[in-house]
Each structure stands twice: as structure tokens, then as C-alpha cells.
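Novice: Shown below is the structure under consideration.
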Amino acid sequence: MLPRGGSLDLIAGAGMTEVAARDLMRDLIAALASGERADVAGPAAGAPARRDRAVSGLAYDGSALLAGAAIPLDGPKASDLVVAAYKRFDPADLKRLADLYAIDELRVAKEPPGEAWMALPVLDARGEPAAYLAWRPERPGDLMRERLVPLTLFGSCVAILLFSLVIGYIRWVAKDLARSQEQAQNLLGRDPLSGLANRLLFGERLDEELNRLGRTGGGLAVMFLDLDRFKEVNDTYGHQAGDELIKMVAKRLSELLRSTDTLSRFGGDEFAVIQTALRSREDADSLARRILDSLTHPFEINGTPVSIGVSIGISLAPDNGLKREELMRLADTALYQAKSAGRNRSCFFAREMDETIRMRKVVEDDLREAIESDGLCLHYQPIFSADGQTIVGLEALVRWPHQKQGLISPARFIAIAEERGLVIPLGEWVLRRACQDGLRWPGLSIAVNVSPIQFRHRDFVASVMRVLDETGFEPSRLEIELTEGVVVENADAAEAAMMELRALGVNLALDDFGTGY
């Protein structure tokens, strides 16, 4: 039924004609009668109080949406309603409503919206949809993203800035680590005193050159250098002077080599060279001669000219092999040969030097046992008077009767014994046996050769006294033969030892005068 009282005037006063208001209210009442019911706070003014429920609903006037509420009246029909209130919603009202309840794009549509929308149909009096109240369904994160866009943008800028800073720092650290690693690697391969390649880097360079040689052909030379009389400089002028000498030697050698060659210091007074692009043996021989000539010229240390020499051992690739270990071993063997031949010279490896290698192995394995088990023997060479008629003494010469190698002369094993630290016990054995044997020849002196290493040992004089006491041999009949190198290389210590020996009554003799000088 139509509403009573002032409701129609209220609607008409909203700008509608009375006829239009009646038609609209008919539709609204019909919609409210068929719509969902909702609780209200209390009865409307002017209506009989009922503990009943009011109804609410929507209507559409062709241009705008209206929402109304009605309450039932006492009457014969349950559908007798009166409009209690209504509200017209224009687009601005819909927007405020959408903002209030965080609804996305709330609007009124005359046609059903698409699948991406949700809609509530607004029914007319016939129950047909007159319009649709539509909105986009809210998805999780959409509202948060929309409201947090400014913060997100700011956070993104900060994150990008921080990320850039972190990336920049990481790159700086990486570069710093790379530099540190390069420096460490460089230091790892360099001799700290001379700045030259050390043994490790020398081996790597030699491997590289041998690989290149295997691909392109050609040849190379490996040279091992050992300075002569370097220890004399150290002992005479001090270790600082020795260090300066090492630097000077490194500079002179560097000036003799090409940029493709490698100069290395293994430690002490040991140097090594890789000579690349070798066309013939003469190329290596020519470089060795230039090195010998250059290092023969005096060096000036603290205003004092100092003369040294150098011994050089040379192996060739591919003539002597194509493996690093083999070439270095053969160059070392050739160096040993050069030193044994008198020093200050060069020597190419030859196959007959393999005997030296085998002898080195024999000495290392068997000599100590031979000393401890009296497996050595002495041969005695007579010393005649000046007229050649009378034997006045005997010189003791050690020999090694080896069960596999036969009788080995001292020339083949003394130098190796010096290198392997066996010359001290060997020298004591010879001295003791010579004194024991000398007791059988009264009136004859017994001469014993003493190694420079043995003589420079701090307990040498004490060991001589001990042997004389143990054997009962007369000190005046003992003659110790020294090389001039013993006196020259450490004059002060040598003088002190010689004076102590002379005080005991022991005689001294200079052996091999001028050899190697």
C-alpha cells in the first residue's frame, strides 16, 4: 500500500513530481517487501510500537540509486509497510561510501558488469533487475599495495641505494682481495732480498717454457749458478754486506739477460737462469762466458772492492730431456762438476756425470755406516827428505773399499760428504786411525788432510786434543795439512785455531797452494 502521513511529501520535496514519487515509492515498497529484513534500533516515530522487524532495500530511479527503510504497520496484511526513511546516492556519495568501507570502484551499472566485478541487483516492482550496484572484489595485497605505494616507492629507492652501496662495497672488497691475492701470489713467487723469482716461480716458468717448446720446437738452457767466495764476504764484511752483494749480482745478471729469459735466486748464493729461444749449444756457452766475465769484475761494498767468482752448471732441452725435474737435477750435477774442477767456470752436463749422481746416492746411503763400522781404510804415501834418500814422514790418504763399487778414492766422495754433513765424523775417523797407525812407525811424522769445513768447526781443536789423548800419539809428530782457502776465508778464526794447535806442538802445512786462484 502507499505510505501514509508526510512520507510522500518528504520524497516529493526531494525534487520529484508527486506522480513520479508515487511510482518510485511503489517500486521501493515492493522491493522492501521482498528484500532482506534487518534489525532496527526501535520503532519509527508516529507508528504503533511493535516488537517486530523492519525491512530495508534499494530502488533505482533511472539515474541514481535510492536506499530506503520501512516498518510494518498494524493492519490486516503483513506486507502493509510505510517508508520510514530513504537516501539518494549520487556518484559522490558512492565514492565516500567506497572510501569508508575500502571498496574498490563502487558504482551503479545499468547492465550486468563483467566477470572481474561483483554486483548486487536492484529490483523493480516486478522483481526484475532495474540496475546493479557493482564493485571490484578486493584481493589480498591490493589495498596494501595501493596504500603502501608511496612507502614502497620510498623503500624501493632506499633499497636500491643500499643495494648499490652494498654492490659497490662488494666490488671494492673483491678488487682489494684480488689485489691482495695478486700481491701475495707475487710475494710467494719472489725472493724478498733480490726481488727475483724464487725456486717455486722458477719451476713454474720452466714448465711453461717446456710446454711452449713442445708445441713450437726450439730449445732452452737451464743454468745453475753458485757464487765463489761469497761466504768470505759474509764473514769478513758482515751479513749486510753479503745482502748488498746479492743485490749487485742480481742487477748485473739481469742486465745480461733478455726479457724472455728468467733469472731466479734459490737462496744464499745460488742463482738460476732459463735461457729461452736457444738455437744451439753455443748460445748457452756465450751467455755463460758473459756471466763469468761480468761477475769476475770487482764489486764495491762500503768503498771496498770485493772480488768473487761464479761456477755454472748447464743442462739443455731437448738434448738432456724435456722434464723440469730432470733438467734441474742435471744442471745441479753439472754445477757440482764445475766446482770440483776448480770453480769460476761453466760446465755442460755430460752423460758420464751420471757416475757422480750414482756416487752421491752411494755416499748418502752407505758412508755413515762405513764410518761407524770401520769400513774405511788408510793408504800411506811416503814423504822423503830433500835429498830424496830418507823417508821422514807419511801422508794418510783415506780410501773406501765398497762391496759393490770397489775401492773408492776420496776425490769421488769427499765433496759429497761435505755437502751431506758427513765430513766431520769422517775427518775424526781419519785422524784417530792415522794416530793409531803412526804408533807403529816411531820417528816418522804423520800428515793428515783436514777439510775446511772440519777445520772451521768450533770443536776442531778440542777433537784433536781428545784424539791425541786417547791414542797417546805425540803431538809433535802430527802434521795437519790445510788449504789456503781455510786461511783466507776466515783469517781471524783460522789464526786462533792455528795458534792453539801450535801451542799443543802440532805442525801445520799448506796444501794445494794456489789451486783455484
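Starting from 1 in every chain, residues are counted up; chains themselves are A, B, ... following the order of the C-alpha cells, and ligands are numbered from 1 as listed.
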Skip Leu213 of chain A itself and residues of its chain fewer than 4 positions away, then list as a PDB file with N, CA, C and O atoms, in the first residue's frame all residues within 10 Å of it, counting only C-alpha atoms.
Specialist:
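The new file around-v6.pdb reads:
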```
ATOM      1  N   ASP A 207     108.268 -24.935 -16.491  1.00  0.00           N
ATOM      2  CA  ASP A 207     107.180 -25.772 -17.028  1.00  0.00           C
ATOM      3  C   ASP A 207     106.517 -25.088 -18.215  1.00  0.00           C
ATOM      4  O   ASP A 207     106.219 -25.729 -19.234  1.00  0.00           O
ATOM      5  N   GLU A 208     106.261 -23.783 -18.089  1.00  0.00           N
ATOM      6  CA  GLU A 208     105.625 -23.045 -19.188  1.00  0.00           C
ATOM      7  C   GLU A 208     106.504 -23.063 -20.437  1.00  0.00           C
ATOM      8  O   GLU A 208     106.009 -23.288 -21.553  1.00  0.00           O
ATOM      9  N   GLU A 209     107.799 -22.832 -20.263  1.00  0.00           N
ATOM     10  CA  GLU A 209     108.700 -22.800 -21.416  1.00  0.00           C
ATOM     11  C   GLU A 209     108.831 -24.184 -22.051  1.00  0.00           C
ATOM     12  O   GLU A 209     108.908 -24.307 -23.281  1.00  0.00           O
ATOM     13  N   GLY A 217     108.691 -26.170 -30.835  1.00  0.00           N
ATOM     14  CA  GLY A 217     110.056 -26.584 -31.123  1.00  0.00           C
ATOM     15  C   GLY A 217     111.063 -25.593 -30.564  1.00  0.00           C
ATOM     16  O   GLY A 217     110.732 -24.687 -29.802  1.00  0.00           O
ATOM     17  N   GLY A 218     112.313 -25.757 -30.939  1.00  0.00           N
ATOM     18  CA  GLY A 218     113.373 -24.888 -30.448  1.00  0.00           C
ATOM     19  C   GLY A 218     114.086 -25.532 -29.277  1.00  0.00           C
ATOM     20  O   GLY A 218     114.096 -26.756 -29.112  1.00  0.00           O
ATOM     21  N   GLY A 219     114.703 -24.712 -28.426  1.00  0.00           N
ATOM     22  CA  GLY A 219     115.452 -25.232 -27.299  1.00  0.00           C
ATOM     23  C   GLY A 219     115.586 -24.201 -26.204  1.00  0.00           C
ATOM     24  O   GLY A 219     115.245 -23.020 -26.376  1.00  0.00           O
ATOM     25  N   LEU A 220     116.077 -24.629 -25.064  1.00  0.00           N
ATOM     26  CA  LEU A 220     116.357 -23.737 -23.942  1.00  0.00           C
ATOM     27  C   LEU A 220     117.480 -24.321 -23.106  1.00  0.00           C
ATOM     28  O   LEU A 220     117.822 -25.501 -23.219  1.00  0.00           O
ATOM     29  N   THR A 276     115.876 -18.826 -23.013  1.00  0.00           N
ATOM     30  CA  THR A 276     114.900 -19.300 -23.997  1.00  0.00           C
ATOM     31  C   THR A 276     115.403 -19.061 -25.414  1.00  0.00           C
ATOM     32  O   THR A 276     116.436 -18.418 -25.628  1.00  0.00           O
ATOM     33  N   ALA A 277     114.617 -19.566 -26.386  1.00  0.00           N
ATOM     34  CA  ALA A 277     114.913 -19.400 -27.817  1.00  0.00           C
ATOM     35  C   ALA A 277     116.350 -19.811 -28.136  1.00  0.00           C
ATOM     36  O   ALA A 277     117.064 -19.115 -28.864  1.00  0.00           O
ATOM     37  N   ALA A 317     117.638 -28.398 -23.120  1.00  0.00           N
ATOM     38  CA  ALA A 317     116.430 -29.069 -23.607  1.00  0.00           C
ATOM     39  C   ALA A 317     116.282 -28.748 -25.100  1.00  0.00           C
ATOM     40  O   ALA A 317     116.497 -27.600 -25.497  1.00  0.00           O
ATOM     41  N   PRO A 318     116.005 -29.731 -25.927  1.00  0.00           N
ATOM     42  CA  PRO A 318     115.598 -31.091 -25.553  1.00  0.00           C
ATOM     43  C   PRO A 318     116.752 -32.098 -25.448  1.00  0.00           C
ATOM     44  O   PRO A 318     116.488 -33.282 -25.227  1.00  0.00           O
ATOM     45  N   LEU A 322     113.137 -33.244 -21.384  1.00  0.00           N
ATOM     46  CA  LEU A 322     112.053 -32.271 -21.517  1.00  0.00           C
ATOM     47  C   LEU A 322     111.219 -32.167 -20.241  1.00  0.00           C
ATOM     48  O   LEU A 322     110.114 -31.630 -20.269  1.00  0.00           O
TER      49      LEU A 322
END
```
Novice: Give the helix (DSSP H, G or I) residues of segment 184-395 of chain A, as DSSP finds them on the backbone, and put them as an mmCIF file with C-alpha atoms, in the first residue's frame.
Specialist:
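Resulting contents of part31.cif:
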```cif
data_model
loop_
_atom_site.group_PDB
_atom_site.id
_atom_site.type_symbol
_atom_site.label_atom_id
_atom_site.label_comp_id
_atom_site.auth_asym_id
_atom_site.auth_seq_id
_atom_site.Cartn_x
_atom_site.Cartn_y
_atom_site.Cartn_z
ATOM 1 C CA ALA A 184 100.522 -12.401 -2.030
ATOM 2 C CA GLN A 185 100.965 -14.547 -5.113
ATOM 3 C CA ASN A 186 103.700 -12.242 -6.326
ATOM 4 C CA LEU A 187 105.425 -12.317 -2.933
ATOM 5 C CA LEU A 188 105.000 -16.072 -2.823
ATOM 6 C CA ARG A 199 112.590 -21.597 -6.770
ATOM 7 C CA LEU A 200 108.796 -22.037 -6.875
ATOM 8 C CA LEU A 201 108.239 -19.451 -9.600
ATOM 9 C CA PHE A 202 111.329 -20.671 -11.459
ATOM 10 C CA GLY A 203 109.798 -24.149 -11.640
ATOM 11 C CA GLU A 204 106.500 -22.753 -12.945
ATOM 12 C CA ARG A 205 108.265 -20.674 -15.610
ATOM 13 C CA LEU A 206 110.332 -23.667 -16.656
ATOM 14 C CA ASP A 207 107.180 -25.772 -17.028
ATOM 15 C CA GLU A 208 105.625 -23.045 -19.188
ATOM 16 C CA GLU A 209 108.700 -22.800 -21.416
ATOM 17 C CA LEU A 210 108.928 -26.571 -21.796
ATOM 18 C CA ASN A 211 105.245 -26.734 -22.780
ATOM 19 C CA ARG A 212 105.822 -23.998 -25.351
ATOM 20 C CA LEU A 213 108.918 -25.768 -26.586
ATOM 21 C CA GLY A 214 106.881 -28.956 -27.025
ATOM 22 C CA ARG A 215 104.385 -27.064 -29.217
ATOM 23 C CA THR A 216 106.682 -24.847 -31.281
ATOM 24 C CA PHE A 230 130.624 -15.460 -1.104
ATOM 25 C CA LYS A 231 130.996 -16.807 2.427
ATOM 26 C CA GLU A 232 134.310 -14.978 2.674
ATOM 27 C CA VAL A 233 132.496 -11.690 2.026
ATOM 28 C CA ASN A 234 129.850 -12.522 4.624
ATOM 29 C CA ASP A 235 132.426 -13.453 7.244
ATOM 30 C CA THR A 236 134.740 -10.526 6.526
ATOM 31 C CA TYR A 237 132.295 -7.653 5.994
ATOM 32 C CA HIS A 239 125.776 -10.195 6.503
ATOM 33 C CA GLN A 240 124.579 -6.745 5.486
ATOM 34 C CA ALA A 241 127.471 -6.514 3.041
ATOM 35 C CA GLY A 242 126.582 -10.009 1.830
ATOM 36 C CA ASP A 243 122.996 -8.877 1.197
ATOM 37 C CA GLU A 244 124.225 -5.864 -0.781
ATOM 38 C CA LEU A 245 126.458 -8.148 -2.811
ATOM 39 C CA ILE A 246 123.478 -10.384 -3.632
ATOM 40 C CA LYS A 247 121.556 -7.357 -4.923
ATOM 41 C CA MET A 248 124.507 -6.210 -7.027
ATOM 42 C CA VAL A 249 124.936 -9.674 -8.514
ATOM 43 C CA ALA A 250 121.211 -9.820 -9.311
ATOM 44 C CA LYS A 251 121.442 -6.449 -11.090
ATOM 45 C CA ARG A 252 124.448 -7.462 -13.181
ATOM 46 C CA LEU A 253 122.893 -10.749 -14.167
ATOM 47 C CA SER A 254 119.595 -9.065 -15.100
ATOM 48 C CA GLU A 255 121.448 -6.756 -17.470
ATOM 49 C CA LEU A 256 122.855 -9.757 -19.344
ATOM 50 C CA ARG A 281 124.764 -25.061 -27.578
ATOM 51 C CA GLU A 282 126.945 -22.065 -28.492
ATOM 52 C CA ASP A 283 124.183 -19.661 -27.426
ATOM 53 C CA ALA A 284 124.296 -21.056 -23.894
ATOM 54 C CA ASP A 285 128.091 -21.122 -23.875
ATOM 55 C CA SER A 286 128.187 -17.475 -24.960
ATOM 56 C CA LEU A 287 125.834 -16.408 -22.160
ATOM 57 C CA ALA A 288 127.834 -18.411 -19.603
ATOM 58 C CA ARG A 289 131.051 -16.664 -20.678
ATOM 59 C CA ARG A 290 129.391 -13.246 -20.365
ATOM 60 C CA ILE A 291 128.187 -14.133 -16.860
ATOM 61 C CA LEU A 292 131.664 -15.321 -15.831
ATOM 62 C CA ASP A 293 133.265 -12.175 -17.208
ATOM 63 C CA SER A 294 130.703 -9.854 -15.588
ATOM 64 C CA LEU A 295 130.911 -11.378 -12.103
ATOM 65 C CA THR A 296 134.712 -11.515 -12.206
ATOM 66 C CA ARG A 324 111.598 -29.880 -15.290
ATOM 67 C CA GLU A 325 112.908 -32.126 -12.501
ATOM 68 C CA GLU A 326 115.355 -33.853 -14.835
ATOM 69 C CA LEU A 327 116.779 -30.643 -16.300
ATOM 70 C CA MET A 328 117.211 -29.066 -12.864
ATOM 71 C CA ARG A 329 118.879 -32.189 -11.498
ATOM 72 C CA LEU A 330 121.277 -32.377 -14.427
ATOM 73 C CA ALA A 331 122.136 -28.672 -14.178
ATOM 74 C CA ASP A 332 122.898 -29.212 -10.493
ATOM 75 C CA THR A 333 125.143 -32.157 -11.397
ATOM 76 C CA ALA A 334 126.987 -30.015 -13.946
ATOM 77 C CA LEU A 335 127.387 -27.287 -11.304
ATOM 78 C CA TYR A 336 128.932 -29.783 -8.925
ATOM 79 C CA GLN A 337 131.352 -30.772 -11.659
ATOM 80 C CA ALA A 338 132.283 -27.133 -12.307
ATOM 81 C CA LYS A 339 133.004 -26.571 -8.617
ATOM 82 C CA SER A 340 135.003 -29.775 -8.343
ATOM 83 C CA ARG A 351 126.287 -38.424 -19.553
ATOM 84 C CA GLU A 352 129.476 -39.525 -17.836
ATOM 85 C CA MET A 353 128.456 -37.268 -14.984
ATOM 86 C CA ASP A 354 125.783 -39.819 -14.148
ATOM 87 C CA GLU A 355 128.564 -41.571 -12.275
ATOM 88 C CA THR A 356 128.633 -38.585 -9.943
ATOM 89 C CA ILE A 357 124.902 -38.939 -9.405
ATOM 90 C CA ARG A 358 125.257 -42.618 -8.603
ATOM 91 C CA MET A 359 128.164 -41.884 -6.274
ATOM 92 C CA ARG A 360 126.110 -39.246 -4.482
ATOM 93 C CA LYS A 361 123.477 -41.867 -3.818
ATOM 94 C CA VAL A 362 126.094 -44.319 -2.576
ATOM 95 C CA VAL A 363 127.597 -41.743 -0.216
ATOM 96 C CA GLU A 364 124.219 -40.771 1.182
ATOM 97 C CA ASP A 365 123.211 -44.373 1.770
ATOM 98 C CA ASP A 366 126.430 -46.102 2.868
ATOM 99 C CA LEU A 367 129.163 -43.707 4.056
ATOM 100 C CA ARG A 368 127.825 -43.096 7.558
ATOM 101 C CA GLU A 369 127.582 -46.810 8.183
ATOM 102 C CA ALA A 370 131.113 -47.308 6.823
ATOM 103 C CA ILE A 371 132.454 -44.686 9.253
ATOM 104 C CA GLU A 372 130.684 -46.190 12.240
#
```
Novice: Please provide the set of residues having any atom within 8 Å of segment 456-459 of chain A, restricted to only C-alpha atoms, with same-chain residues fewer than 5 positions apart removed, written as JSON, numbers by chain.
Specialist: {"A": [486, 493, 494]}
Novice: Run DSSP on the backbone and tell me which residues of segment 293-412 of chain A come out as strand (DSSP E or B); list them as JSON, numbers by chain.
Specialist: {"A": [299, 300, 301, 304, 305, 306, 309, 310, 311, 312, 313, 314, 315, 316, 317, 346, 347, 348, 377, 378, 379, 380, 381, 382, 383, 384, 391, 392, 393, 394, 395, 396, 397, 398, 399, 400, 401, 402, 406, 407, 408]}
Novice: Have a look at A:Ala134, A:Ile414, A:Leu65, A:Leu482 and name the one nearest to Pro452 of chain A; count only C-alpha atoms.
Specialist: A:Leu482
Novice: Find the spatial neighbours of Asn507 of chain A, counting only C-alpha atoms, within a cut-off of 12 Å - ignore same-chain residues fewer than 3 positions away - and output them as a short mmCIF file (atom, residue, chain, number, x, y, z; two decimals) with C-alpha atoms, in the first residue's frame.
Specialist:
```
data_model
loop_
_atom_site.label_atom_id
_atom_site.label_comp_id
_atom_site.auth_asym_id
_atom_site.auth_seq_id
_atom_site.Cartn_x
_atom_site.Cartn_y
_atom_site.Cartn_z
CA SER A 445 155.59 -37.74 11.18
CA ILE A 446 152.03 -38.46 10.10
CA ALA A 447 150.33 -35.89 7.84
CA VAL A 448 146.53 -35.71 7.77
CA GLU A 474 152.96 -37.42 20.16
CA PRO A 475 151.61 -34.01 19.03
CA SER A 476 155.00 -33.08 17.52
CA ARG A 477 154.71 -35.99 15.06
CA LEU A 478 151.26 -34.91 13.83
CA GLU A 479 151.13 -32.59 10.81
CA ILE A 480 147.81 -31.10 9.73
CA GLU A 481 147.58 -30.04 6.09
CA LEU A 482 145.34 -27.05 5.34
CA MET A 498 146.34 -22.48 14.37
CA MET A 499 147.87 -20.81 17.43
CA GLU A 500 146.10 -23.31 19.72
CA LEU A 501 147.35 -26.22 17.60
CA ARG A 502 150.90 -24.84 17.59
CA ALA A 503 150.69 -24.47 21.35
CA LEU A 504 149.93 -28.20 21.53
CA LEU A 510 149.83 -25.56 3.43
#
```
Novice: Need to verify the contact set: Ser463 of chain A, 12 Å, only C-alpha atoms, exclusion of same-chain residues closer than 3 positions in sequence. Can you return it as a PDB file with C-alpha atoms, in the first residue's frame?
Specialist:
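Contents of selection-v3.pdb, freshly written:
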```pdb
ATOM      1  CA  ILE A 424     133.161 -34.016  10.412  1.00  0.00           C
ATOM      2  CA  PRO A 425     132.777 -37.664  11.549  1.00  0.00           C
ATOM      3  CA  GLY A 427     137.695 -36.396   9.451  1.00  0.00           C
ATOM      4  CA  GLU A 428     137.704 -37.557  13.064  1.00  0.00           C
ATOM      5  CA  TRP A 429     137.850 -41.200  11.945  1.00  0.00           C
ATOM      6  CA  LEU A 431     142.688 -38.538  12.374  1.00  0.00           C
ATOM      7  CA  ARG A 432     142.160 -41.247  15.001  1.00  0.00           C
ATOM      8  CA  GLN A 454     136.181 -29.598   9.573  1.00  0.00           C
ATOM      9  CA  PHE A 455     138.809 -27.007  10.436  1.00  0.00           C
ATOM     10  CA  HIS A 457     134.155 -26.342  13.214  1.00  0.00           C
ATOM     11  CA  ARG A 458     134.205 -24.828  16.685  1.00  0.00           C
ATOM     12  CA  ASP A 459     135.185 -28.156  18.318  1.00  0.00           C
ATOM     13  CA  PHE A 460     138.014 -28.982  15.911  1.00  0.00           C
ATOM     14  CA  ARG A 466     140.904 -35.684  22.509  1.00  0.00           C
ATOM     15  CA  VAL A 467     142.302 -37.988  19.784  1.00  0.00           C
ATOM     16  CA  LEU A 468     145.911 -37.334  20.887  1.00  0.00           C
ATOM     17  CA  ASP A 469     144.994 -38.158  24.475  1.00  0.00           C
ATOM     18  CA  GLU A 470     143.084 -41.313  23.562  1.00  0.00           C
ATOM     19  CA  ALA A 497     142.823 -22.274  15.832  1.00  0.00           C
ATOM     20  CA  LEU A 501     147.354 -26.217  17.605  1.00  0.00           C
TER      21      LEU A 501
END
```
Novice: Give me the residues near Val222 of chain A as a PyMOL selection string, where near means some atom within 8 Å (using only C-alpha atoms) and where sequence neighbours in that chain fewer than 6 positions away do not count.
Specialist: chain A and resi 272-275+314-316+327-328+331
Novice: Give me a file of those residues, with N, CA, C and O atoms, as an mmCIF file, in the first residue's frame.
Specialist:
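Output contents, as saved in result.cif:
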```cif
data_model
loop_
_atom_site.group_PDB
_atom_site.id
_atom_site.type_symbol
_atom_site.label_atom_id
_atom_site.label_comp_id
_atom_site.auth_asym_id
_atom_site.auth_seq_id
_atom_site.Cartn_x
_atom_site.Cartn_y
_atom_site.Cartn_z
ATOM 1 N N ALA A 272 119.734 -19.103 -10.607
ATOM 2 C CA ALA A 272 119.393 -19.985 -11.720
ATOM 3 C C ALA A 272 118.868 -19.147 -12.876
ATOM 4 O O ALA A 272 118.293 -18.069 -12.669
ATOM 5 N N VAL A 273 119.072 -19.636 -14.094
ATOM 6 C CA VAL A 273 118.673 -18.913 -15.305
ATOM 7 C C VAL A 273 117.960 -19.874 -16.251
ATOM 8 O O VAL A 273 118.375 -21.034 -16.400
ATOM 9 N N ILE A 274 116.873 -19.393 -16.867
ATOM 10 C CA ILE A 274 116.259 -20.086 -18.002
ATOM 11 C C ILE A 274 116.545 -19.239 -19.237
ATOM 12 O O ILE A 274 116.055 -18.115 -19.352
ATOM 13 N N GLN A 275 117.345 -19.753 -20.140
ATOM 14 C CA GLN A 275 117.658 -19.056 -21.388
ATOM 15 C C GLN A 275 116.761 -19.635 -22.477
ATOM 16 O O GLN A 275 116.871 -20.811 -22.838
ATOM 17 N N ILE A 314 125.167 -26.321 -16.553
ATOM 18 C CA ILE A 314 124.211 -26.083 -17.634
ATOM 19 C C ILE A 314 123.635 -27.411 -18.127
ATOM 20 O O ILE A 314 124.377 -28.368 -18.372
ATOM 21 N N SER A 315 122.309 -27.441 -18.272
ATOM 22 C CA SER A 315 121.637 -28.547 -18.958
ATOM 23 C C SER A 315 120.797 -27.966 -20.081
ATOM 24 O O SER A 315 120.359 -26.803 -20.009
ATOM 25 N N LEU A 316 120.564 -28.751 -21.125
ATOM 26 C CA LEU A 316 119.904 -28.267 -22.332
ATOM 27 C C LEU A 316 118.652 -29.083 -22.619
ATOM 28 O O LEU A 316 118.605 -30.292 -22.384
ATOM 29 N N LEU A 327 115.875 -31.714 -15.868
ATOM 30 C CA LEU A 327 116.779 -30.643 -16.300
ATOM 31 C C LEU A 327 117.416 -29.939 -15.106
ATOM 32 O O LEU A 327 118.609 -29.606 -15.140
ATOM 33 N N MET A 328 116.654 -29.719 -14.043
ATOM 34 C CA MET A 328 117.211 -29.066 -12.864
ATOM 35 C C MET A 328 118.222 -29.977 -12.171
ATOM 36 O O MET A 328 119.266 -29.516 -11.701
ATOM 37 N N ALA A 331 121.406 -29.940 -14.318
ATOM 38 C CA ALA A 331 122.136 -28.672 -14.178
ATOM 39 C C ALA A 331 122.868 -28.626 -12.848
ATOM 40 O O ALA A 331 124.000 -28.123 -12.759
#
```
Novice: Using only C-alpha atoms, which protein or nucleic acid residues come within 8 Å of Phe266 of chain A? Drop anything in the same chain fewer than 2 positions from it, and give the result as a PDB file with N, CA, C and O atoms, in the first residue's frame.
Specialist:
```pdb
ATOM      1  N   ASP A 191     111.822 -13.709  -4.420  1.00  0.00           N
ATOM      2  CA  ASP A 191     112.830 -13.672  -3.366  1.00  0.00           C
ATOM      3  C   ASP A 191     112.778 -12.292  -2.715  1.00  0.00           C
ATOM      4  O   ASP A 191     112.917 -11.278  -3.415  1.00  0.00           O
ATOM      5  N   ASN A 198     111.728 -16.833  -7.175  1.00  0.00           N
ATOM      6  CA  ASN A 198     112.312 -17.840  -6.293  1.00  0.00           C
ATOM      7  C   ASN A 198     112.221 -19.221  -6.940  1.00  0.00           C
ATOM      8  O   ASN A 198     111.815 -19.352  -8.098  1.00  0.00           O
ATOM      9  N   ARG A 199     112.559 -20.254  -6.195  1.00  0.00           N
ATOM     10  CA  ARG A 199     112.590 -21.597  -6.770  1.00  0.00           C
ATOM     11  C   ARG A 199     111.205 -22.020  -7.251  1.00  0.00           C
ATOM     12  O   ARG A 199     111.080 -22.679  -8.298  1.00  0.00           O
ATOM     13  N   SER A 264     116.503 -16.281 -11.451  1.00  0.00           N
ATOM     14  CA  SER A 264     115.939 -16.663 -10.158  1.00  0.00           C
ATOM     15  C   SER A 264     117.048 -16.764  -9.121  1.00  0.00           C
ATOM     16  O   SER A 264     118.206 -17.020  -9.442  1.00  0.00           O
ATOM     17  N   GLY A 268     120.614 -18.050  -0.412  1.00  0.00           N
ATOM     18  CA  GLY A 268     122.059 -17.987  -0.205  1.00  0.00           C
ATOM     19  C   GLY A 268     122.739 -17.347  -1.391  1.00  0.00           C
ATOM     20  O   GLY A 268     122.382 -16.245  -1.829  1.00  0.00           O
ATOM     21  N   ASP A 269     123.739 -18.034  -1.941  1.00  0.00           N
ATOM     22  CA  ASP A 269     124.456 -17.511  -3.112  1.00  0.00           C
ATOM     23  C   ASP A 269     124.140 -18.333  -4.346  1.00  0.00           C
ATOM     24  O   ASP A 269     124.939 -18.413  -5.276  1.00  0.00           O
ATOM     25  N   GLU A 270     122.941 -18.937  -4.388  1.00  0.00           N
ATOM     26  CA  GLU A 270     122.545 -19.783  -5.510  1.00  0.00           C
ATOM     27  C   GLU A 270     121.563 -19.048  -6.410  1.00  0.00           C
ATOM     28  O   GLU A 270     120.523 -18.555  -5.958  1.00  0.00           O
ATOM     29  N   PHE A 271     121.877 -18.985  -7.695  1.00  0.00           N
ATOM     30  CA  PHE A 271     121.026 -18.361  -8.700  1.00  0.00           C
ATOM     31  C   PHE A 271     120.732 -19.397  -9.792  1.00  0.00           C
ATOM     32  O   PHE A 271     121.416 -20.422  -9.887  1.00  0.00           O
ATOM     33  N   ALA A 272     119.734 -19.103 -10.607  1.00  0.00           N
ATOM     34  CA  ALA A 272     119.393 -19.985 -11.720  1.00  0.00           C
ATOM     35  C   ALA A 272     118.868 -19.147 -12.876  1.00  0.00           C
ATOM     36  O   ALA A 272     118.293 -18.069 -12.669  1.00  0.00           O
TER      37      ALA A 272
END
```
Novice: Hey, which of A:Arg190, A:Arg279, A:Arg136, A:His379 ends up closest to Glu105 of chain A? Count only C-alpha atoms.
Specialist: A:Arg136
Novice: Record the distance separating atom CA of Asp124 of chain A and atom CA of Pro112 of chain A, expressed in Å with one decimal.
Specialist: 15.2 Å
Novice: Go through A:Ile391, A:Asn302, A:Ala92, A:Met118 one by one, measure the shortest atom-to-atom distance of each to Gly238 of chain A using only C-alpha atoms, and give the residue with the smallest value.
Specialist: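 Using only C-alpha atoms, the shortest distance to Gly238 of chain A belongs to A:Asn302.
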Novice: Can you measure atom CA of Gly342 of chain A to atom CA of Phe224 of chain A for me? One decimal in Å is fine.
Specialist: 16.1 Å
Novice: In Å, how far is it from atom CA of Ile308 of chain A to atom CA of Asp511 of chain A?
Specialist: 21.8 Å
